[in-house]
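Below is final_13.cif, which holds mmCIF, C-alpha atoms.
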data_protein
loop_
_atom_site.label_atom_id
_atom_site.label_comp_id
_atom_site.auth_asym_id
_atom_site.auth_seq_id
_atom_site.Cartn_x
_atom_site.Cartn_y
_atom_site.Cartn_z
CA MET A 1 70.74 24.99 -6.87
CA ASP A 2 69.69 25.66 -3.28
CA HIS A 3 69.43 22.34 -1.43
CA ARG A 4 67.91 21.58 1.92
CA SER A 5 70.02 19.85 4.50
CA ILE A 6 69.45 16.24 5.51
CA LEU A 7 68.22 17.43 8.90
CA LEU A 8 65.59 19.59 7.26
CA ALA A 9 64.57 16.67 5.08
CA ALA A 10 64.02 14.52 8.18
CA VAL A 11 61.84 17.23 9.69
CA LEU A 12 59.89 17.46 6.45
CA VAL A 13 59.28 13.74 6.57
CA MET A 14 57.55 14.09 9.93
CA CYS A 15 55.51 17.06 8.73
CA LEU A 16 54.49 15.33 5.53
CA VAL A 17 53.45 12.19 7.37
CA MET A 18 50.94 14.32 9.25
CA LEU A 19 49.66 15.78 6.00
CA GLN A 20 49.30 12.51 4.17
CA HIS A 21 46.57 9.94 4.57
CA PRO A 22 48.91 7.11 5.55
CA ALA A 23 48.33 3.75 3.96
CA SER A 24 47.86 0.86 6.32
CA ALA A 25 48.71 -2.72 5.53
CA THR A 26 45.06 -3.31 4.85
CA ASP A 27 44.99 -0.54 2.25
CA SER A 28 47.94 -1.94 0.32
CA ASN A 29 46.63 -5.53 0.47
CA ASP A 30 42.94 -4.89 -0.26
CA THR A 31 43.21 -2.14 -2.84
CA LYS A 32 43.44 -3.22 -6.44
CA TRP A 33 45.74 -1.08 -8.53
CA LEU A 34 45.81 -0.42 -12.23
CA THR A 35 49.01 -1.20 -14.10
CA PRO A 36 51.61 1.35 -12.88
CA SER A 37 53.25 3.82 -15.25
CA ASN A 38 56.91 4.72 -14.90
CA VAL A 39 57.56 8.43 -15.41
CA THR A 40 60.91 10.22 -15.34
CA LEU A 41 60.78 13.68 -13.79
CA TYR A 42 63.65 16.14 -13.92
CA TRP A 43 63.90 18.81 -11.23
CA GLY A 44 60.89 21.17 -11.59
CA GLU A 45 59.04 19.01 -14.14
CA GLN A 46 55.48 17.73 -13.65
CA VAL A 47 53.21 15.12 -15.15
CA LYS A 48 49.44 14.52 -15.02
CA ILE A 49 48.19 10.98 -14.39
CA GLY A 50 44.70 9.84 -13.39
CA GLY A 51 43.47 13.20 -12.16
CA TYR A 52 46.68 14.01 -10.25
CA THR A 53 49.52 16.40 -11.10
CA ILE A 54 52.91 15.21 -9.82
CA THR A 55 55.79 17.71 -9.56
CA ALA A 56 59.44 17.00 -8.72
CA GLN A 57 59.99 19.87 -6.28
CA ASP A 58 63.50 19.16 -5.01
CA PHE A 59 66.23 16.57 -4.55
CA SER A 60 68.88 15.76 -1.96
CA ALA A 61 72.04 17.83 -2.19
CA SER A 62 74.27 16.93 -5.12
CA LYS A 63 77.53 15.15 -4.34
CA PRO A 64 80.58 14.59 -6.54
CA VAL A 65 79.10 11.20 -7.38
CA ASP A 66 75.60 9.74 -7.31
CA MET A 67 74.75 8.42 -3.81
CA PRO A 68 72.57 5.35 -3.13
CA ASP A 69 70.52 7.12 -0.44
CA ASP A 70 69.47 10.14 -2.52
CA TYR A 71 65.88 11.31 -2.12
CA VAL A 72 63.31 13.23 -4.15
CA MET A 73 60.63 15.60 -2.85
CA LEU A 74 57.31 15.41 -4.72
CA LYS A 75 54.20 17.54 -4.69
CA VAL A 76 50.93 15.92 -5.72
CA LYS A 77 47.78 17.90 -6.51
CA SER A 78 44.39 16.43 -7.38
CA ASN A 79 41.94 17.85 -9.90
CA THR A 80 39.84 18.96 -6.90
CA SER A 81 42.69 21.25 -5.72
CA ARG A 82 43.71 19.02 -2.81
CA SER A 83 47.48 18.70 -2.41
CA TRP A 84 50.00 16.53 -0.61
CA GLY A 85 53.74 16.26 -0.25
CA ALA A 86 55.90 13.16 -0.30
CA ILE A 87 59.59 12.33 0.08
CA LEU A 88 60.85 9.08 -1.47
CA ALA A 89 64.26 7.40 -1.35
CA LEU A 90 65.66 4.03 -2.41
CA ASN A 91 68.13 3.04 0.32
CA HIS A 92 67.41 5.44 3.17
CA SER A 93 67.01 4.33 6.79
CA ILE A 94 64.18 6.82 7.46
CA ILE A 95 62.63 7.85 4.17
CA PRO A 96 60.45 5.18 2.47
CA ASN A 97 60.59 4.24 -1.19
CA GLU A 98 56.81 4.09 -1.58
CA THR A 99 53.78 5.99 -0.34
CA ILE A 100 50.01 6.02 -0.92
CA LEU A 101 48.19 9.35 -1.04
CA ASP A 102 44.46 10.00 -0.87
CA GLY A 103 43.98 6.24 -0.81
CA SER A 104 43.97 6.40 -4.61
CA ILE A 105 47.49 7.00 -5.91
CA ARG A 106 50.61 4.96 -5.15
CA LEU A 107 54.06 6.42 -5.77
CA THR A 108 57.14 4.19 -5.87
CA ALA A 109 60.71 5.40 -6.35
CA GLU A 110 62.35 3.31 -9.07
CA ASP A 111 65.51 5.38 -9.62
CA ILE A 112 66.89 8.66 -8.20
CA VAL A 113 69.94 10.26 -9.79
CA THR A 114 71.80 13.33 -8.52
CA GLY A 115 75.46 14.30 -8.63
CA ASN A 116 77.60 17.18 -9.77
CA ASP A 117 78.39 15.50 -13.09
CA ILE A 118 74.86 15.83 -14.54
CA PRO A 119 72.99 18.97 -15.68
CA THR A 120 70.01 18.40 -13.39
CA PRO A 121 68.84 15.65 -11.01
CA TYR A 122 65.99 13.37 -11.98
CA ALA A 123 63.91 10.50 -10.65
CA THR A 124 61.92 7.66 -12.16
CA ILE A 125 58.67 7.18 -10.28
CA GLY A 126 56.20 4.32 -10.60
CA VAL A 127 52.67 5.75 -10.48
CA ALA A 128 49.69 3.46 -9.90
CA ILE A 129 46.05 4.53 -9.66
CA ALA A 130 43.63 2.57 -7.49
CA ASN A 131 40.91 0.64 -9.31
CA ILE A 132 38.07 1.90 -7.17
CA SER A 133 34.48 1.42 -8.23
CA HIS A 134 32.69 4.75 -7.95
CA THR A 135 29.51 4.40 -5.98
CA ASN A 136 27.16 7.23 -5.12
CA LYS A 137 27.87 8.21 -1.54
CA PRO A 138 25.40 10.33 0.40
CA ILE A 139 26.45 13.98 0.54
CA SER A 140 26.19 15.65 3.92
CA TRP A 141 23.75 18.52 4.31
CA ILE A 142 26.43 21.18 4.71
CA ASN A 143 28.37 20.05 1.62
CA ASN A 144 25.13 20.16 -0.35
CA VAL A 145 24.36 23.70 0.80
CA ILE A 146 27.72 25.49 1.16
CA ARG A 147 30.74 25.42 -1.10
CA VAL A 148 34.10 26.56 0.26
CA LYS A 149 37.19 27.37 -1.78
CA ARG A 150 40.42 28.14 0.08
CA LEU A 151 43.51 29.54 -1.62
CA PRO A 152 46.56 29.50 0.67
CA ALA A 153 50.01 30.30 -0.70
CA ASP A 154 52.53 27.45 -0.92
CA GLU A 155 55.75 29.50 -0.64
CA ALA A 156 56.92 33.03 0.17
CA ASN A 157 59.96 35.01 1.25
CA ILE A 158 60.36 35.89 4.90
CA ASP A 159 59.76 39.61 4.31
CA GLU A 160 56.57 39.04 2.30
CA ARG A 161 52.98 38.88 3.43
CA VAL A 162 51.27 35.52 3.06
CA TYR A 163 47.65 35.92 1.98
CA ILE A 164 45.02 33.34 2.94
CA LEU A 165 41.85 33.73 0.85
CA VAL A 166 38.54 31.97 1.52
CA GLU A 167 35.48 31.95 -0.75
CA VAL A 168 32.13 30.81 0.67
CA MET A 169 29.05 30.31 -1.53
CA ASN A 170 25.43 29.52 -0.72
CA LEU A 171 24.31 26.84 -3.20
CA LYS A 172 20.62 26.95 -2.29
CA ASP A 173 17.68 29.33 -2.64
CA ILE A 174 17.40 29.86 1.10
CA PRO A 175 19.20 32.42 3.29
CA LEU A 176 21.83 31.09 5.66
CA GLU A 177 22.30 32.80 9.02
CA ASN A 178 25.17 32.75 11.53
CA ILE A 179 27.81 30.97 9.50
CA HIS A 180 30.85 30.78 11.79
CA ILE A 181 34.26 30.66 10.08
CA ASN A 182 37.44 30.09 12.04
CA GLU A 183 41.00 30.39 10.70
CA THR A 184 43.92 29.37 12.92
CA VAL A 185 47.18 31.31 12.58
CA PRO A 186 49.91 28.68 12.15
CA ASP A 187 52.79 28.38 14.58
CA GLY A 188 55.74 30.54 13.59
CA PHE A 189 53.55 33.30 12.08
CA ILE A 190 51.97 36.53 13.26
CA THR A 191 49.03 38.42 11.79
CA ASP A 192 49.63 41.80 10.25
CA PRO A 193 48.81 44.77 12.51
CA ASP A 194 45.83 45.73 10.33
CA ILE A 195 44.19 42.34 10.93
CA ASP A 196 41.77 42.41 13.86
CA ASP A 197 40.67 38.79 13.86
CA THR A 198 40.63 35.59 11.83
CA ASN A 199 37.17 34.52 13.00
CA TRP A 200 34.04 35.71 11.21
CA THR A 201 30.28 35.28 11.51
CA ILE A 202 28.53 35.97 8.24
CA ARG A 203 25.14 35.73 6.55
CA LEU A 204 24.60 34.54 2.98
CA ASN A 205 21.62 35.39 0.87
CA PRO A 206 20.33 32.75 -1.59
CA ARG A 207 23.06 31.93 -4.13
CA GLU A 208 25.34 34.60 -2.66
CA LYS A 209 29.11 34.27 -2.78
CA ARG A 210 31.41 36.01 -0.33
CA SER A 211 35.19 36.30 -0.14
CA LEU A 212 37.19 36.63 3.08
CA GLY A 213 40.89 36.85 3.69
CA TYR A 214 43.76 37.86 5.91
CA SER A 215 47.54 38.09 5.76
CA ILE A 216 50.28 36.77 8.01
CA ARG A 217 54.05 37.06 8.23
CA ALA A 218 56.60 34.39 9.10
CA LEU A 219 58.96 34.89 12.04
CA ARG A 220 61.67 32.72 10.53
CA PRO A 221 62.30 30.65 7.39
CA GLY A 222 61.36 26.98 7.19
CA THR A 223 58.51 24.65 6.22
CA PHE A 224 55.24 25.16 8.09
CA LEU A 225 51.77 23.62 8.25
CA ILE A 226 48.77 25.93 7.78
CA PRO A 227 45.77 24.40 9.59
CA GLY A 228 42.55 23.93 7.69
CA MET A 229 39.66 26.38 7.94
CA LYS A 230 36.70 25.40 10.15
CA LEU A 231 33.12 26.35 9.25
CA SER A 232 30.01 25.67 11.33
CA ILE A 233 26.33 26.50 11.00
CA GLU A 234 23.17 25.54 12.90
CA HIS A 235 20.11 24.69 10.81
CA ASN A 236 16.78 23.51 12.23
CA GLY A 237 18.45 22.83 15.58
CA VAL A 238 21.23 20.68 14.10
CA SER A 239 24.87 21.80 14.11
CA HIS A 240 26.80 21.13 10.90
CA LEU A 241 30.58 21.28 10.62
CA MET A 242 33.01 21.54 7.71
CA GLN A 243 36.80 21.68 7.66
CA THR A 244 39.20 22.15 4.75
CA ASN A 245 42.50 20.29 4.42
CA ALA A 246 45.68 21.61 5.96
CA SER A 247 48.32 22.89 3.57
CA GLU A 248 52.08 23.32 3.61
CA ILE A 249 54.04 26.50 3.01
CA VAL A 250 57.79 27.03 2.56
CA ILE A 251 59.28 30.32 3.77
CA HIS A 252 62.61 31.31 2.22
CA GLY A 253 65.22 33.55 3.78
CA PRO A 254 68.36 33.74 5.92
CA TYR A 255 68.20 33.16 9.68
CA ILE A 256 71.25 34.19 11.70
CA ASP A 257 71.77 32.60 15.11
CA VAL A 258 74.47 33.82 17.53
CA GLN A 259 75.60 31.88 20.61
CA LYS A 260 78.14 33.28 23.08
CA SER A 261 80.27 31.18 25.45
CA PHE A 262 83.18 32.14 27.69
CA ILE A 263 85.78 30.73 30.07
CA TYR A 264 87.15 32.65 33.09
CA GLN A 265 90.77 32.18 34.16
CA ASP A 266 91.66 33.38 37.67
CA MET A 267 94.88 35.36 38.02
CA GLY A 268 94.61 36.62 41.59
CA THR A 269 93.43 40.22 41.65
CA GLU A 270 92.67 40.05 37.94
CA GLY A 271 91.29 37.47 35.58
CA VAL A 272 91.19 36.68 31.87
CA LEU A 273 87.85 36.12 30.16
CA ASN A 274 88.07 34.13 26.91
CA VAL A 275 84.96 34.74 24.77
CA THR A 276 83.73 32.75 21.74
CA LEU A 277 80.83 33.80 19.51
CA ARG A 278 79.44 31.09 17.22
CA VAL A 279 77.43 32.41 14.27
CA ASN A 280 75.22 30.11 12.17
CA ASN A 281 72.96 30.73 9.17
CA THR A 282 70.14 28.19 9.64
CA GLY A 283 68.02 29.63 6.81
CA ASP A 284 67.97 28.63 3.14
CA ARG A 285 69.28 31.90 1.65
CA ALA A 286 72.71 33.56 1.83
CA ALA A 287 73.24 36.84 3.67
CA TYR A 288 75.99 39.38 4.37
CA VAL A 289 76.47 39.38 8.15
CA GLN A 290 78.08 42.09 10.30
CA LEU A 291 78.78 41.24 13.94
CA THR A 292 80.14 43.65 16.56
CA ASP A 293 80.54 42.57 20.17
CA ARG A 294 80.91 44.67 23.32
CA ILE A 295 83.10 43.97 26.33
CA PRO A 296 82.08 44.46 29.99
CA GLU A 297 82.84 47.72 31.76
CA ASN A 298 86.32 48.18 33.24
CA CYS A 299 87.72 45.48 30.95
CA GLN A 300 90.61 45.64 28.47
CA LEU A 301 90.83 43.78 25.17
CA ILE A 302 94.12 41.86 25.14
CA ASP A 303 93.69 39.47 22.21
CA GLY A 304 91.48 39.03 19.14
CA ASN A 305 88.87 41.29 17.50
CA LEU A 306 85.42 42.45 18.52
CA SER A 307 83.91 42.51 15.01
CA LYS A 308 83.69 40.41 11.88
CA SER A 309 81.81 40.68 8.56
CA GLN A 310 81.35 38.17 5.75
CA VAL A 311 78.82 36.51 3.44
CA MET A 312 77.22 33.44 5.00
CA GLN A 313 75.77 30.74 2.78
CA PRO A 314 72.96 28.51 4.13
CA SER A 315 74.35 26.22 6.90
CA ASP A 316 77.59 28.25 7.14
CA VAL A 317 79.13 28.51 10.62
CA TRP A 318 81.99 30.70 11.80
CA GLU A 319 83.43 31.85 15.12
CA LEU A 320 84.77 35.08 16.57
CA LYS A 321 87.17 34.73 19.50
CA TYR A 322 88.82 37.28 21.77
CA SER A 323 90.16 37.70 25.31
CA VAL A 324 89.72 40.53 27.82
CA LEU A 325 91.44 41.40 31.09
CA LEU A 326 88.83 41.48 33.87
CA ARG A 327 89.37 43.63 36.97
CA SER A 328 86.40 42.66 39.12
CA THR A 329 85.61 40.23 41.94
CA GLY A 330 81.85 40.71 41.88
CA ASN A 331 79.05 40.29 39.40
CA VAL A 332 79.95 41.12 35.80
CA VAL A 333 77.36 41.75 33.11
CA ILE A 334 78.56 40.48 29.73
CA PRO A 335 76.60 42.45 27.11
CA GLY A 336 75.14 40.94 23.96
CA ALA A 337 76.60 41.36 20.48
CA ASN A 338 75.06 43.58 17.81
CA VAL A 339 74.20 41.70 14.61
CA ARG A 340 73.06 43.06 11.26
CA PHE A 341 72.46 41.07 8.06
CA VAL A 342 71.11 41.67 4.56
CA ASP A 343 70.35 39.22 1.75
CA SER A 344 70.40 39.57 -2.05
CA ARG A 345 66.77 40.73 -2.06
CA GLU A 346 67.73 43.55 0.35
CA TYR A 347 65.81 41.96 3.21
CA SER A 348 67.68 43.00 6.34
CA ASP A 349 67.39 42.85 10.11
CA THR A 350 69.31 44.02 13.17
CA PHE A 351 69.23 42.40 16.58
CA GLU A 352 71.21 41.99 19.78
CA SER A 353 72.20 38.57 21.09
CA ALA A 354 71.55 37.52 24.69
CA SER A 355 73.41 39.11 27.62
CA TYR A 356 74.86 37.07 30.48
CA LEU A 357 75.60 37.47 34.17
CA LEU A 358 79.01 36.21 35.35
CA GLU A 359 79.21 35.83 39.12
CA ILE A 360 82.66 35.57 40.71
CA GLU A 361 82.70 34.53 44.39
CA GLU A 362 86.09 34.04 46.04
CA ASN A 363 87.56 33.38 42.59
CA VAL A 364 84.78 30.91 41.79
CA VAL A 365 82.76 31.32 38.61
CA GLY A 366 79.05 30.61 38.99
CA GLU A 367 76.77 29.47 36.22
CA THR A 368 76.06 32.00 33.50
CA LEU A 369 72.47 32.88 32.69
CA SER A 370 70.93 35.10 30.08
CA GLU A 371 69.08 38.12 31.44
CA GLU A 372 65.78 36.51 30.52
CA GLU A 373 66.61 33.45 32.63
CA ILE A 374 67.96 35.18 35.78
CA PRO A 375 65.58 34.24 38.64
CA THR A 376 64.48 36.62 41.40
CA GLU A 377 66.46 34.58 43.92
CA ASP A 378 69.77 33.31 42.60
CA ILE A 379 69.81 29.51 43.05
CA SER A 380 72.41 28.79 40.39
CA GLN A 381 75.56 29.40 42.41
CA GLU A 382 76.11 25.88 43.74
CA ASN A 383 79.86 26.04 43.11
CA GLY A 384 80.12 29.29 45.08
CA VAL A 385 78.13 27.87 47.98
CA GLU A 386 80.29 24.75 48.18
CA LYS A 387 83.42 26.93 48.15
CA GLN A 388 82.07 29.10 50.95
CA GLU A 389 81.16 26.07 53.09
CA LYS A 390 84.73 24.84 52.74
CA ALA A 391 86.11 28.25 53.69
CA THR A 392 83.85 28.35 56.75
CA GLU A 393 85.05 24.95 57.92
CA GLU A 394 88.72 25.96 57.57
CA ASN A 395 88.67 29.55 58.85
CA LYS A 396 85.81 29.57 61.38
CA GLY A 397 85.57 33.29 60.67
CA PRO A 398 82.62 35.50 59.76
CA ASP A 399 81.03 34.56 56.45
CA LYS A 400 81.42 37.08 53.61
CA ILE A 401 78.30 37.91 51.62
CA TYR A 402 78.63 37.82 47.83
CA SER A 403 75.08 37.17 46.62
CA ILE A 404 71.58 36.28 47.78
CA SER A 405 72.49 32.59 47.81
CA SER A 406 75.65 33.20 49.89
CA PHE A 407 73.64 35.42 52.28
CA LYS A 408 71.14 32.61 52.82
CA GLN A 409 73.94 30.12 53.38
CA SER A 410 75.66 32.48 55.82
CA MET A 411 72.50 32.71 57.90
CA ILE A 412 72.20 28.93 57.94
CA ASN A 413 75.84 28.60 59.04
CA LEU A 414 75.33 31.05 61.91
CA ILE A 415 72.19 29.29 63.11
CA GLU A 416 73.83 25.87 62.94
CA ARG A 417 76.85 27.01 64.90
CA ALA A 418 74.61 28.74 67.45
CA ILE A 419 72.70 25.56 68.29
CA GLY A 420 75.82 23.38 68.31
CA TRP A 421 75.41 21.52 65.02
CA ARG A 422 78.92 22.55 64.13
CA LEU A 423 81.90 22.53 66.53
#

Spell out the structure here as structure tokens.
Amino acid sequence: MDHRSILLAAVLVMCLVMLQHPASATDSNDTKWLTPSNVTLYWGEQVKIGGYTITAQDFSASKPVDMPDDYVMLKVKSNTSRSWGAILALNHSIIPNETILDGSIRLTAEDIVTGNDIPTPYATIGVAIANISHTNKPISWINNVIRVKRLPADEANIDERVYILVEVMNLKDIPLENIHINETVPDGFITDPDIDDTNWTIRLNPREKRSLGYSIRALRPGTFLIPGMKLSIEHNGVSHLMQTNASEIVIHGPYIDVQKSFIYQDMGTEGVLNVTLRVNNTGDRAAYVQLTDRIPENCQLIDGNLSKSQVMQPSDVWELKYSVLLRSTGNVVIPGANVRFVDSREYSDTFESASYLLEIEENVVGETLSEEEIPTEDISQENGVEKQEKATEENKGPDKIYSISSFKQSMINLIERAIGWRL
């Protein structure tokens, strides 16, 4: 069973809160509810109650014993194809034990059981349907004229295309001109190269139905929110708007993150650079990872290894450490490591981690920056500047130039001494 981490669950809570129609105190006090029904759902099971289908999608990670703060992840879908997500717990500091969705269905966690000593986790949920009198509400012009059906996917693997399909139908015996449809690509996704645009302007003949669609790819695994589609049309000088509900999609796959840190030890004319690479699989699928690092030019490996390979389960972390002998007193470029991984579905990727610039000024190590972060003028060498000021005060000799920042400081020192600010 592949469980999400508690951190991911907390993030999901925030995402799901945005998706849900939250119940205010007024809703819970004023709404009259029918007698609730207690249903027990095992992992993956679903039940239909009052026009809603409730599915137990996932549970908190199993422990050797049942924990009091276990949670269950539910998916609720109405008979009109609207869907919501909810996370319920009994004794959790963040996750509530009750939620109201669509203003019409109340879910209450009565019991949640996990643990390694049972075949599958399960939860007992109290389900109550609101006793709402159905009155005829006026239907807006656009909802009476146009029907929209949107079919987004709810999960996919990271190497798969995600197809978003939209069906638009003219319900009347009149032609409809200039129907503007706008789809927003969700954060964390890119459109496929063969997709020119996700905005369309169409015309519908009387009773005509038209299908539109596009595909996107995820940049990394995780849970994402797909914004609703927006449709607008002008009729008889009046603009009419329609928007579908947002939906949630889960992308599965490994995601390998590599962070490099190092410590420089001065040894006079030489120095030792101790390097640590921290590798983390932040995805929800295992992968076989191969890492090979490179050392700077004119350096000698004196301890440790430059490569490591192993299978990484979700949330696994391991480190690769080594030391090199550094024969340089100037700037040293520390190259990035080469990383390749492949999962059980044969999805693979190769990338290079960030490179760094190590600046050594009079045996002082400046801050390290990735190549992407190195500014045009180096303003990060505060330690080197302070060291040079001290040397100037003690030696009163010509300032040595080590970098742009030290050159600027040298000019300031000369000007200050010239006008008598320094003795």

**Polymer residues at most 8 Å from Ser328 of chain A, all atoms listed in the file, same-chain spacing of 5 or more positions, as number ranges by chain** = A: 269-271

**Item:** Atom pair atom CA of Lys77 of chain A / atom CA of Ala89 of chain A: separation (Å)
**Value:**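 Distance reported for this atom pair: 20.2 Å.
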
**Request:** Kindly resolve the PyMOL selection byres ((chain A and resi 331) around 8) on the present coordinates and return the residues as number ranges by chain.
**Result:** A: 328-330, 332-333, 357-360

**Reference answer for the PyMOL selection byres ((chain A and resi 315-327) around 6), as a VMD selection string** = chain A and resid 270 to 282 299 to 305 312 to 314 328

**Item:** Among listed residues A:Ile146, A:Ile263, A:Val162, A:Ala123, nearest Lys209 of chain A (using all atoms listed in the file)
**Value:**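 Going through A:Ile146, A:Ile263, A:Val162, A:Ala123 one by one, the smallest distance to Lys209 of chain A is for A:Ile146.
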
**Request:** Report the residues retrieved by the PyMOL selection byres ((chain A and resi 70) around 8) from the displayed file, expressed as JSON, numbers by chain.
**Result:** {"A": [59, 60, 66, 67, 68, 69, 71, 72, 89, 90, 91, 92, 112, 113, 114]}

**Prompt:** Of the candidates A:Tyr347, A:Trp200, A:Tyr214, A:Tyr42, which shows the shortest atom-to-atom distance to Leu231 of chain A, using only C-alpha atoms?
**Reply:** A:Trp200

**Given only C-alpha atoms as the counted atoms, nearest of A:Gly188, A:Arg220, A:Glu160, A:Pro175 to Pro206 of chain A** =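 Checking each candidate against Pro206 of chain A, we get A:Pro175 as the closest.
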